[in-house]
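Colleague: final26.txt (compact mmCIF, C-alpha atoms) pasted underneath:
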```txt
# COMPACT_ATOMS: atom_id res chain seq x y z
CA MET E 1 123.48 128.28 83.85
CA THR E 2 120.38 129.77 85.51
CA GLN E 3 120.92 133.37 84.32
CA GLY E 4 121.53 134.22 87.97
CA ARG E 5 118.01 133.31 89.04
CA GLY E 6 118.96 130.14 90.91
CA ALA E 7 117.90 126.53 90.47
CA ASP E 8 114.27 125.63 89.74
CA ALA E 9 114.44 123.00 92.46
CA CYS E 10 116.98 121.93 95.08
CA ILE E 11 117.23 118.50 96.70
CA ASP E 12 118.64 118.08 100.20
CA ALA E 13 119.60 114.41 100.26
CA VAL E 14 122.07 114.89 103.10
CA GLY E 15 120.14 115.78 106.23
CA THR E 16 121.43 116.28 109.70
CA GLU E 17 125.13 115.48 109.32
CA PRO E 18 126.75 117.37 106.46
CA ASP E 19 130.49 117.06 106.03
CA THR E 20 131.05 120.78 106.25
CA ALA E 21 134.64 121.86 106.05
CA SER E 22 133.70 125.50 105.60
CA GLY E 23 130.95 127.93 106.49
CA PHE E 24 130.44 129.94 109.64
CA ASP E 25 126.96 128.52 110.17
CA ALA E 26 128.36 124.99 110.02
CA VAL E 27 130.87 125.74 112.78
CA ILE E 28 128.15 127.22 115.00
CA ASP E 29 125.97 124.13 114.36
CA ARG E 30 128.78 121.84 115.49
CA VAL E 31 129.29 123.80 118.70
CA LYS E 32 125.56 123.78 119.45
CA VAL E 33 125.18 120.05 118.90
CA ALA E 34 128.32 119.32 120.95
CA THR E 35 126.97 121.37 123.86
CA PHE E 36 123.42 119.96 123.63
CA MET E 37 122.09 123.36 122.52
CA GLY E 38 120.88 122.00 119.20
CA THR E 39 119.80 118.70 117.63
CA ASP E 40 120.67 118.99 113.94
CA ARG E 41 123.17 120.63 111.57
CA PRO E 42 121.06 121.93 108.68
CA HIS E 43 123.84 123.47 106.56
CA VAL E 44 122.66 121.80 103.34
CA LEU E 45 119.05 122.85 103.89
CA ARG E 46 120.12 126.48 104.31
CA GLN E 47 122.14 126.24 101.10
CA ALA E 48 119.23 124.63 99.25
CA ILE E 49 116.93 127.48 100.28
CA HIS E 50 119.41 130.15 99.26
CA CYS E 51 120.23 128.50 95.93
CA CYS E 52 116.63 128.00 94.89
CA ARG E 53 115.05 130.49 92.50
CA ASN E 54 111.99 132.57 93.44
CA PHE E 55 108.92 130.31 93.57
CA GLY E 56 111.13 127.22 93.23
CA THR E 57 110.89 123.97 95.20
CA VAL E 58 113.07 122.60 97.98
CA SER E 59 112.80 118.80 98.10
CA ILE E 60 114.06 117.23 101.33
CA VAL E 61 114.81 113.52 101.71
CA GLY E 62 117.84 113.87 103.98
CA VAL E 63 116.86 112.93 107.53
CA TYR E 64 116.55 115.42 110.38
CA GLY E 65 115.82 114.41 113.97
CA GLY E 66 114.60 117.25 116.10
CA PHE E 67 114.33 121.02 116.20
CA VAL E 68 116.27 122.62 113.38
CA ASP E 69 117.75 126.04 114.06
CA LYS E 70 118.44 129.10 111.95
CA ILE E 71 116.45 128.16 108.88
CA PRO E 72 116.20 131.18 106.57
CA MET E 73 112.42 131.37 106.57
CA GLY E 74 112.72 135.03 105.60
CA SER E 75 114.25 133.96 102.30
CA ALA E 76 111.66 131.21 101.83
CA ILE E 77 108.51 133.24 102.50
CA ASN E 78 109.59 136.38 100.69
CA ARG E 79 110.60 134.40 97.59
CA GLY E 80 107.65 132.00 97.56
CA LEU E 81 109.47 128.69 97.94
CA THR E 82 107.62 125.37 98.14
CA PHE E 83 108.88 122.75 100.60
CA ARG E 84 108.25 119.04 99.93
CA MET E 85 109.62 116.35 102.22
CA ALA E 86 108.99 112.85 103.53
CA GLN E 87 110.32 109.59 104.73
CA THR E 88 109.45 107.76 101.54
CA PRO E 89 106.11 105.92 101.46
CA VAL E 90 107.99 103.11 99.72
CA GLN E 91 104.99 100.86 99.14
CA ALA E 92 103.41 103.55 96.95
CA TYR E 93 106.32 103.38 94.48
CA LEU E 94 107.26 99.68 94.46
CA ALA E 95 105.19 98.35 91.59
CA LYS E 96 106.05 101.03 89.04
CA LEU E 97 109.75 101.12 89.93
CA LEU E 98 110.07 97.32 89.79
CA GLU E 99 108.50 97.54 86.34
CA ARG E 100 111.19 100.02 85.26
CA ILE E 101 113.91 97.65 86.44
CA GLU E 102 112.27 94.71 84.63
CA LYS E 103 112.05 96.69 81.41
CA GLY E 104 115.76 97.48 81.69
CA GLU E 105 115.13 101.23 81.89
CA ILE E 106 117.29 101.57 84.98
CA ASP E 107 119.79 99.37 86.80
CA PRO E 108 120.04 100.52 90.43
CA SER E 109 123.08 98.30 91.03
CA VAL E 110 125.33 100.86 89.32
CA VAL E 111 125.80 102.69 92.64
CA ILE E 112 127.35 99.68 94.40
CA THR E 113 131.05 100.16 95.12
CA HIS E 114 131.60 97.59 97.88
CA ARG E 115 130.34 94.03 98.36
CA ALA E 116 131.17 92.07 101.49
CA SER E 117 130.09 89.55 104.10
CA LEU E 118 128.08 90.52 107.19
CA GLU E 119 131.20 90.02 109.34
CA GLU E 120 132.96 92.75 107.38
CA GLY E 121 130.05 95.16 108.07
CA PRO E 122 131.53 97.05 111.06
CA GLU E 123 134.70 97.85 109.11
CA LEU E 124 132.69 99.00 106.10
CA TYR E 125 130.66 101.40 108.25
CA LYS E 126 133.98 103.16 108.88
CA THR E 127 134.98 103.05 105.21
CA PHE E 128 131.61 104.53 104.21
CA ARG E 129 131.62 107.24 106.88
CA ASP E 130 135.20 108.27 106.14
CA LYS E 131 134.55 108.24 102.36
CA LYS E 132 137.57 105.99 101.88
CA ASP E 133 138.25 103.77 98.91
CA GLY E 134 135.67 105.61 96.76
CA CYS E 135 132.86 104.20 98.89
CA ILE E 136 129.35 105.16 97.70
CA LYS E 137 127.24 102.12 98.51
CA VAL E 138 127.93 98.95 100.50
CA VAL E 139 126.00 95.72 100.00
CA LEU E 140 126.42 92.98 102.60
CA LYS E 141 125.64 89.37 101.78
CA PRO E 142 124.96 87.28 104.88
CA GLY E 143 126.09 83.77 104.24
CA ALA E 144 128.93 84.89 101.99
CA LYS E 145 132.37 84.13 103.33
CA ALA E 146 134.61 86.99 104.49
CA ALA E 147 137.18 87.89 101.85
CA MET L 1 122.14 84.13 114.02
CA LYS L 2 124.70 86.78 113.22
CA ALA L 3 123.67 90.44 113.07
CA LEU L 4 125.16 93.92 113.12
CA THR L 5 124.40 95.56 116.46
CA TRP L 6 124.81 99.11 117.78
CA HIS L 7 126.73 99.68 121.01
CA GLY L 8 127.39 103.42 120.93
CA LYS L 9 129.05 106.04 118.81
CA SER L 10 131.36 104.44 116.21
CA ASP L 11 130.75 101.05 117.81
CA ILE L 12 128.95 98.59 115.57
CA ARG L 13 129.62 94.89 116.07
CA CYS L 14 128.86 91.67 114.29
CA GLU L 15 127.44 89.50 117.05
CA THR L 16 125.55 86.28 117.60
CA VAL L 17 122.00 87.07 118.74
CA PRO L 18 118.77 85.05 119.12
CA ASP L 19 116.95 84.22 115.87
CA PRO L 20 113.75 86.24 115.30
CA LYS L 21 110.40 84.53 115.84
CA ILE L 22 106.92 85.06 114.42
CA GLN L 23 105.08 87.32 116.90
CA HIS L 24 101.90 88.06 114.99
CA GLY L 25 99.79 86.28 112.39
CA GLN L 26 100.69 88.72 109.62
CA ASP L 27 104.46 88.39 110.20
CA ALA L 28 107.01 86.64 108.05
CA ILE L 29 110.59 85.68 108.73
CA ILE L 30 113.01 86.10 105.86
CA LYS L 31 116.48 84.69 105.38
CA VAL L 32 118.47 87.73 104.29
CA THR L 33 120.37 87.30 101.04
CA ALA L 34 121.46 90.94 100.66
CA CYS L 35 121.27 94.12 102.73
CA ALA L 36 122.82 97.54 102.32
CA ILE L 37 124.24 100.26 104.52
CA CYS L 38 122.23 103.48 104.06
CA GLY L 39 123.54 107.02 104.43
CA SER L 40 121.03 107.41 107.25
CA ASP L 41 122.63 104.44 109.05
CA LEU L 42 125.65 106.71 109.43
CA HIS L 43 123.56 108.99 111.68
CA ILE L 44 123.12 105.96 113.96
CA PHE L 45 126.82 105.07 113.65
CA ASP L 46 127.70 108.63 114.64
CA GLY L 47 125.41 108.45 117.67
CA VAL L 48 123.11 111.34 116.71
CA ILE L 49 119.87 109.33 116.55
CA PRO L 50 118.17 109.44 119.96
CA SER L 51 116.59 106.46 121.65
CA MET L 52 119.02 103.80 120.39
CA GLU L 53 119.79 101.05 122.90
CA LYS L 54 122.90 98.93 123.19
CA GLY L 55 122.51 95.71 121.25
CA ASP L 56 119.89 97.04 118.81
CA ILE L 57 120.10 95.31 115.42
CA ILE L 58 120.39 97.92 112.69
CA GLY L 59 119.72 98.06 108.95
CA HIS L 60 116.67 98.89 106.85
CA GLU L 61 117.58 98.03 103.25
CA THR L 62 116.97 94.31 103.11
CA MET L 63 115.80 91.48 100.89
CA GLY L 64 115.72 87.73 101.11
CA GLU L 65 113.79 84.50 100.99
CA VAL L 66 110.69 83.84 103.07
CA VAL L 67 111.36 80.95 105.47
CA GLU L 68 108.32 81.22 107.76
CA VAL L 69 104.93 82.95 107.61
CA GLY L 70 102.36 83.77 110.28
CA LYS L 71 98.98 82.02 110.21
CA ASP L 72 97.08 85.09 108.96
CA ASN L 73 99.49 85.92 106.17
CA LYS L 74 97.89 84.84 102.92
CA ALA L 75 100.08 86.99 100.67
CA LEU L 76 103.41 85.22 101.13
CA LYS L 77 104.56 81.64 101.20
CA VAL L 78 107.80 79.93 102.15
CA GLY L 79 110.30 80.24 99.31
CA ASP L 80 109.07 83.62 98.00
CA ARG L 81 111.87 86.06 97.19
CA VAL L 82 111.01 89.53 98.49
CA VAL L 83 112.36 93.06 98.95
CA VAL L 84 111.32 94.66 102.25
CA PRO L 85 110.46 98.41 102.38
CA PHE L 86 112.17 100.26 105.22
CA THR L 87 108.81 101.67 106.28
CA ILE L 88 106.51 99.36 108.26
CA SER L 89 102.88 99.95 107.30
CA CYS L 90 99.57 98.32 108.21
CA GLY L 91 97.90 99.04 104.89
CA GLN L 92 94.54 99.69 106.58
CA CYS L 93 94.73 102.96 108.52
CA PHE L 94 93.77 106.53 107.48
CA PHE L 95 97.24 107.25 106.08
CA CYS L 96 98.01 103.89 104.44
CA LYS L 97 94.66 104.00 102.61
CA ARG L 98 95.70 107.34 101.14
CA GLY L 99 99.11 106.03 100.05
CA PHE L 100 101.01 107.80 102.84
CA TYR L 101 102.52 104.53 104.08
CA SER L 102 105.37 106.18 105.99
CA GLY L 103 102.70 108.01 108.02
CA CYS L 104 101.07 104.75 109.16
CA GLU L 105 99.40 105.37 112.51
CA ARG L 106 99.41 101.74 113.66
CA SER L 107 102.91 100.40 113.01
CA ASN L 108 104.87 102.31 115.66
CA PRO L 109 104.39 100.63 119.05
CA SER L 110 106.30 103.44 120.78
CA LYS L 111 104.17 106.16 119.24
CA GLU L 112 103.75 108.04 122.56
CA LYS L 113 107.48 108.78 122.54
CA ALA L 114 107.32 110.07 118.97
CA GLU L 115 104.24 112.17 119.70
CA LYS L 116 106.06 113.87 122.56
CA LEU L 117 108.90 114.91 120.28
CA TRP L 118 107.10 115.49 116.96
CA GLY L 119 103.45 116.15 117.83
CA HIS L 120 102.29 113.03 115.98
CA SER L 121 103.95 109.70 115.24
CA PRO L 122 105.05 108.48 111.81
CA ALA L 123 105.30 104.81 110.82
CA GLY L 124 107.65 102.41 112.55
CA LEU L 125 110.93 101.75 110.74
CA PHE L 126 113.31 98.80 110.75
CA GLY L 127 116.41 99.26 112.86
CA TYR L 128 115.95 102.96 113.48
CA SER L 129 115.68 103.55 117.24
CA HIS L 130 113.06 103.03 119.91
CA LEU L 131 111.41 106.29 118.88
CA LEU L 132 110.34 104.49 115.71
CA GLY L 133 109.31 101.20 117.22
CA GLY L 134 112.54 99.52 118.29
CA PHE L 135 112.17 97.01 115.46
CA SER L 136 115.19 94.80 114.81
CA GLY L 137 116.84 95.71 111.54
CA GLY L 138 117.88 93.74 108.50
CA GLN L 139 121.67 93.78 108.61
CA ALA L 140 121.38 90.25 109.89
CA GLU L 141 121.01 86.67 108.73
CA TYR L 142 117.27 86.68 109.45
CA LEU L 143 114.64 89.41 109.75
CA ARG L 144 111.16 89.41 111.27
CA VAL L 145 108.87 91.46 109.00
CA PRO L 146 105.70 92.81 110.67
CA TYR L 147 102.66 93.37 108.40
CA ALA L 148 104.49 91.17 105.91
CA ASP L 149 101.30 90.68 103.89
CA ILE L 150 101.34 94.42 103.10
CA GLY L 151 104.90 95.67 102.67
CA PRO L 152 107.27 93.26 100.94
CA ILE L 153 107.21 92.98 97.17
CA LYS L 154 107.88 89.68 95.42
CA VAL L 155 110.60 89.89 92.79
CA PRO L 156 111.07 87.69 89.74
CA SER L 157 113.99 85.26 89.57
CA SER L 158 115.12 86.88 86.31
CA LEU L 159 116.44 89.86 88.31
CA SER L 160 119.51 89.66 90.56
CA ASP L 161 119.55 90.71 94.22
CA GLU L 162 121.70 93.71 93.35
CA GLN L 163 119.22 94.92 90.72
CA VAL L 164 116.24 94.94 93.09
CA LEU L 165 117.69 95.46 96.60
CA PHE L 166 117.46 99.25 96.47
CA LEU L 167 113.69 99.15 96.00
CA SER L 168 113.80 98.92 99.81
CA ASP L 169 114.73 102.59 100.19
CA ILE L 170 117.15 104.61 98.08
CA PHE L 171 115.64 103.98 94.65
CA PRO L 172 112.10 105.10 95.60
CA THR L 173 113.59 107.83 97.79
CA GLY L 174 115.63 109.26 94.92
CA TYR L 175 112.61 108.97 92.65
CA MET L 176 110.39 110.74 95.18
CA ALA L 177 112.95 113.52 95.67
CA ALA L 178 112.89 114.17 91.93
CA ASP L 179 109.10 113.85 91.78
CA PHE L 180 108.75 116.48 94.54
CA CYS L 181 110.67 118.96 92.39
CA ASN L 182 107.66 119.13 90.11
CA LEU L 183 109.88 120.14 87.22
CA LYS L 184 108.54 121.30 83.92
CA SER L 185 110.30 120.90 80.62
CA GLY L 186 113.65 122.68 80.53
CA GLU L 187 113.90 123.18 84.28
CA GLN L 188 116.67 121.80 86.39
CA SER L 189 117.47 120.85 89.95
CA ARG L 190 120.54 121.13 92.11
CA SER L 191 121.40 118.50 94.72
CA GLY L 192 123.36 118.86 97.90
CA ALA L 193 125.60 115.91 98.63
CA ALA L 194 128.33 116.68 101.09
CA VAL L 195 128.32 113.10 102.32
CA PRO L 196 127.94 109.91 100.30
CA SER L 197 124.29 109.90 99.37
CA ALA L 198 123.41 107.06 97.09
CA SER L 199 119.86 108.27 96.50
CA LEU L 200 121.18 111.10 94.38
CA PRO L 201 122.17 109.11 91.30
CA PHE L 202 118.53 108.01 91.21
CA ALA L 203 117.20 111.52 91.62
CA ALA L 204 119.30 112.87 88.76
CA PRO L 205 117.91 110.77 85.88
CA PHE L 206 114.38 111.16 87.19
CA CYS L 207 114.69 114.91 87.43
CA SER L 208 115.19 114.79 83.69
CA ALA L 209 112.68 112.03 83.04
CA LEU L 210 109.92 113.70 85.05
CA SER L 211 110.38 117.15 83.59
CA VAL L 212 108.38 116.53 80.46
```
Would you write the structure of this file as structure tokens?

Modeller:
Amino acid sequence: MTQGRGADACIDAVGTEPDTASGFDAVIDRVKVATFMGTDRPHVLRQAIHCCRNFGTVSIVGVYGGFVDKIPMGSAINRGLTFRMAQTPVQAYLAKLLERIEKGEIDPSVVITHRASLEEGPELYKTFRDKKDGCIKVVLKPGAKAA
Amino acid sequence: MKALTWHGKSDIRCETVPDPKIQHGQDAIIKVTACAICGSDLHIFDGVIPSMEKGDIIGHETMGEVVEVGKDNKALKVGDRVVVPFTISCGQCFFCKRGFYSGCERSNPSKEKAEKLWGHSPAGLFGYSHLLGGFSGGQAEYLRVPYADIGPIKVPSSLSDEQVLFLSDIFPTGYMAADFCNLKSGEQSRSGAAVPSASLPFAAPFCSALSV
């Protein structure tokens, strides 16, 4: 698909807690976090860097907390990658994105898989974390009665 | 009121807690009509976010109806229907004036803690630890919104809660992630999603839309 060059840009939307069933680095990360030797598990960020083409962009919106270990900076500097990242400055985007919703260009509600009352919230945290029941996005409606 | 509160790893409860009150003239209190669980709330659920305290109200994707406004808040009135950004921003400081609202240098009351860990402090966030202000979150029946004359956006009655709720975080976040990619025509991005990450469906169409 990329003629072997790699992707033009890679997005890390996962952050500090990837569900990593495989990968040696992921196992080491788990051990380090469990023994207070590390703060984050940046498996996805490492993959994003490695998958990105020379002079491509790594876009990070997944959340990290502290000091992130074993980032392949050698790969990044030698291949000229650009890093962009932020907690979103939401207010800067609101007006134009609301306009897109109003015009019918996008309907963000398509990602909702679960709707429930506030009381059902604790249970749905588990459902969401464990990826059960096809859970992608939970919306809670305070005031609604528990099903 | 009822609210979702954090009590430790894998321990989130729906409890009765005191109703929020106006604390500052720019505040507003909203009656929450819809709120969502974010992928980043799972980091709190899993106990990896430092500086959480037992009983903290969580949640940062929230919308509702304004039921009370502070005396200095001229932007909102009771009855307005608003979506609340997860970032708390003053609108006046060096960063806010430049559009970097999540870098607001006035909205995090516990900024010394953040400076110790990160060198400088970002904006305060709803329901995201005492490192980022210790603000009560919006997975609750009511939410106190600081700087409510700056952040919340009024939404028209023609749109449903579900259509506009994600303006609070994941829709702009997905859009920004795609925007950062700075794609040109014919280029493509690859996204990592090893956990449920609802921002990604928003990034995907915009990666295409922005690459023109």

Colleague: Would you work out the distance separating CA of Ile57 in chain L from CA of Leu4 in chain L, expressed in Å to one decimal?

Modeller: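 Separation between CA of Ile57 in chain L and CA of Leu4 in chain L: 5.7 Å.
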
Colleague: How many Å lie between CA of Ser75 in chain E and CA of Asp29 in chain E, rounded to one decimal?

Modeller: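 Going from CA of Ser75 in chain E over to CA of Asp29 in chain E covers 19.5 Å.
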
Colleague: Pick the closest to Cys52 in chain E from E:Ile71, E:Ile28, E:Leu124, E:Ile11: which is it, counting all atoms listed in the file?

Modeller: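 Closest residue, counting all atoms listed in the file: E:Ile11.
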
Colleague: Can you work out the spacing between CA of Tyr93 in chain E and CA of His60 in chain L in Å, to one decimal?

Modeller: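 Going from CA of Tyr93 in chain E over to CA of His60 in chain L, I get 16.7 Å.
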
Colleague: Which of these residues is nearest to Tyr128 in chain L, using all atoms listed in the file: E:Val33, E:Pro72, E:Pro42, E:Val63?

Modeller: E:Val63

Colleague: Looking at all atoms listed in the file, which of L:Glu112, L:Asp11, L:Glu141, L:Asp46 is the one that sits closest to Glu65 in chain L?

Modeller: L:Glu141

Colleague: Determine the nearest neighbour of Lys2 in chain L from the options L:Val32, L:Ala140, L:Cys93, L:Ala123, counting all atoms listed in the file.

Modeller: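 Using all atoms listed in the file, Lys2 in chain L sits closest to L:Ala140.
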
Colleague: Please tell me which residues are no farther than 9 Å from (127.0, 93.5, 116.4) in the file, counting all atoms listed in the file, and write them as a PyMOL selection string.

Modeller: (chain E and resi 119+122) or (chain L and resi 2-7+11-17+55-58)

Colleague: Can you spit out the residues from that selection as a tab-separated table (two decimals), in the coordinates of the input, using C-alpha atoms?

Modeller:
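Below is the file again.tsv, written as the result:
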```
chain	number	residue	atom	x	y	z
E	119	GLU	CA	131.20	90.02	109.34
E	122	PRO	CA	131.53	97.05	111.06
L	2	LYS	CA	124.70	86.78	113.22
L	3	ALA	CA	123.67	90.44	113.07
L	4	LEU	CA	125.16	93.92	113.12
L	5	THR	CA	124.40	95.56	116.46
L	6	TRP	CA	124.81	99.11	117.78
L	7	HIS	CA	126.73	99.68	121.01
L	11	ASP	CA	130.75	101.05	117.81
L	12	ILE	CA	128.95	98.59	115.57
L	13	ARG	CA	129.62	94.89	116.07
L	14	CYS	CA	128.86	91.67	114.29
L	15	GLU	CA	127.44	89.50	117.05
L	16	THR	CA	125.55	86.28	117.60
L	17	VAL	CA	122.00	87.07	118.74
L	55	GLY	CA	122.51	95.71	121.25
L	56	ASP	CA	119.89	97.04	118.81
L	57	ILE	CA	120.10	95.31	115.42
L	58	ILE	CA	120.39	97.92	112.69
```

Colleague: Could you list, with a cut-off of 12 Å and counting all atoms listed in the file, the residues of range 38-146 of chain E near range 77-85 of chain L, each shown with its nearest atom pair and the distance in Å rounded to one decimal, rows sorted by chain and ascending number, as JSON lines?

Modeller:
```
{"residue": "E:Gln87", "atom": "CA", "partner": "L:Pro85", "partner_atom": "CA", "distance": 11.4}
{"residue": "E:Thr88", "atom": "CA", "partner": "L:Pro85", "partner_atom": "CA", "distance": 9.4}
{"residue": "E:Pro89", "atom": "CA", "partner": "L:Pro85", "partner_atom": "CA", "distance": 8.7}
{"residue": "E:Val90", "atom": "CA", "partner": "L:Pro85", "partner_atom": "CA", "distance": 5.9}
{"residue": "E:Gln91", "atom": "CA", "partner": "L:Pro85", "partner_atom": "CA", "distance": 6.8}
{"residue": "E:Ala92", "atom": "CA", "partner": "L:Pro85", "partner_atom": "CA", "distance": 10.3}
{"residue": "E:Tyr93", "atom": "CA", "partner": "L:Pro85", "partner_atom": "CA", "distance": 10.2}
{"residue": "E:Leu94", "atom": "CA", "partner": "L:Pro85", "partner_atom": "CA", "distance": 8.6}
{"residue": "E:Ala95", "atom": "CA", "partner": "L:Val83", "partner_atom": "CA", "distance": 11.6}
{"residue": "E:Leu98", "atom": "CA", "partner": "L:Val83", "partner_atom": "CA", "distance": 10.4}
```

Colleague: Closest to chain E among L:Ala36, L:Asp161, L:His120, L:Gly59, using only C-alpha atoms?

Modeller: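 Of all the options, L:Ala36 lies closest to chain E.
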
Colleague: Mind rebuilding range 127-147 of chain L with N, CA and C atoms and writing that out as a PDB file, in the coordinates of the input?

Modeller:
```
ATOM      1  N   GLY L 127     115.065  98.938 112.388  1.00  0.00           N
ATOM      2  CA  GLY L 127     116.410  99.260 112.860  1.00  0.00           C
ATOM      3  C   GLY L 127     116.707 100.732 112.998  1.00  0.00           C
ATOM      4  N   TYR L 128     115.716 101.508 113.434  1.00  0.00           N
ATOM      5  CA  TYR L 128     115.950 102.960 113.480  1.00  0.00           C
ATOM      6  C   TYR L 128     115.453 103.565 114.782  1.00  0.00           C
ATOM      7  N   SER L 129     115.887 103.007 115.889  1.00  0.00           N
ATOM      8  CA  SER L 129     115.680 103.550 117.240  1.00  0.00           C
ATOM      9  C   SER L 129     114.341 103.155 117.847  1.00  0.00           C
ATOM     10  N   HIS L 130     114.270 103.360 119.164  1.00  0.00           N
ATOM     11  CA  HIS L 130     113.060 103.030 119.910  1.00  0.00           C
ATOM     12  C   HIS L 130     112.021 104.147 119.849  1.00  0.00           C
ATOM     13  N   LEU L 131     112.382 105.237 119.188  1.00  0.00           N
ATOM     14  CA  LEU L 131     111.410 106.290 118.880  1.00  0.00           C
ATOM     15  C   LEU L 131     110.506 105.810 117.745  1.00  0.00           C
ATOM     16  N   LEU L 132     111.060 104.975 116.881  1.00  0.00           N
ATOM     17  CA  LEU L 132     110.340 104.490 115.710  1.00  0.00           C
ATOM     18  C   LEU L 132     110.063 102.986 115.810  1.00  0.00           C
ATOM     19  N   GLY L 133     109.818 102.557 117.021  1.00  0.00           N
ATOM     20  CA  GLY L 133     109.310 101.200 117.220  1.00  0.00           C
ATOM     21  C   GLY L 133     110.274 100.200 117.821  1.00  0.00           C
ATOM     22  N   GLY L 134     111.566 100.476 117.753  1.00  0.00           N
ATOM     23  CA  GLY L 134     112.540  99.520 118.290  1.00  0.00           C
ATOM     24  C   GLY L 134     112.563  98.204 117.535  1.00  0.00           C
ATOM     25  N   PHE L 135     112.164  98.232 116.259  1.00  0.00           N
ATOM     26  CA  PHE L 135     112.170  97.010 115.460  1.00  0.00           C
ATOM     27  C   PHE L 135     113.603  96.590 115.123  1.00  0.00           C
ATOM     28  N   SER L 136     113.874  95.287 115.221  1.00  0.00           N
ATOM     29  CA  SER L 136     115.190  94.800 114.810  1.00  0.00           C
ATOM     30  C   SER L 136     115.362  95.005 113.318  1.00  0.00           C
ATOM     31  N   GLY L 137     116.577  95.390 112.931  1.00  0.00           N
ATOM     32  CA  GLY L 137     116.840  95.710 111.540  1.00  0.00           C
ATOM     33  C   GLY L 137     117.316  94.515 110.724  1.00  0.00           C
ATOM     34  N   GLY L 138     117.619  94.800 109.475  1.00  0.00           N
ATOM     35  CA  GLY L 138     117.880  93.740 108.500  1.00  0.00           C
ATOM     36  C   GLY L 138     119.321  93.522 108.112  1.00  0.00           C
ATOM     37  N   GLN L 139     120.273  94.125 108.850  1.00  0.00           N
ATOM     38  CA  GLN L 139     121.670  93.780 108.610  1.00  0.00           C
ATOM     39  C   GLN L 139     121.959  92.572 109.489  1.00  0.00           C
ATOM     40  N   ALA L 140     121.399  91.457 109.066  1.00  0.00           N
ATOM     41  CA  ALA L 140     121.380  90.250 109.890  1.00  0.00           C
ATOM     42  C   ALA L 140     121.124  89.051 108.981  1.00  0.00           C
ATOM     43  N   GLU L 141     121.265  87.866 109.546  1.00  0.00           N
ATOM     44  CA  GLU L 141     121.010  86.670 108.730  1.00  0.00           C
ATOM     45  C   GLU L 141     119.515  86.425 108.543  1.00  0.00           C
ATOM     46  N   TYR L 142     118.719  86.825 109.545  1.00  0.00           N
ATOM     47  CA  TYR L 142     117.270  86.680 109.450  1.00  0.00           C
ATOM     48  C   TYR L 142     116.587  87.954 109.926  1.00  0.00           C
ATOM     49  N   LEU L 143     115.390  88.214 109.377  1.00  0.00           N
ATOM     50  CA  LEU L 143     114.640  89.410 109.750  1.00  0.00           C
ATOM     51  C   LEU L 143     113.173  89.047 109.961  1.00  0.00           C
ATOM     52  N   ARG L 144     112.615  89.521 111.086  1.00  0.00           N
ATOM     53  CA  ARG L 144     111.160  89.410 111.270  1.00  0.00           C
ATOM     54  C   ARG L 144     110.515  90.621 110.609  1.00  0.00           C
ATOM     55  N   VAL L 145     109.563  90.380 109.700  1.00  0.00           N
ATOM     56  CA  VAL L 145     108.870  91.460 109.000  1.00  0.00           C
ATOM     57  C   VAL L 145     107.439  91.559 109.510  1.00  0.00           C
ATOM     58  N   PRO L 146     107.096  92.629 110.261  1.00  0.00           N
ATOM     59  CA  PRO L 146     105.700  92.810 110.670  1.00  0.00           C
ATOM     60  C   PRO L 146     104.856  93.259 109.460  1.00  0.00           C
ATOM     61  N   TYR L 147     103.555  93.025 109.518  1.00  0.00           N
ATOM     62  CA  TYR L 147     102.660  93.370 108.400  1.00  0.00           C
ATOM     63  C   TYR L 147     103.254  92.888 107.062  1.00  0.00           C
TER      64      TYR L 147
END
```
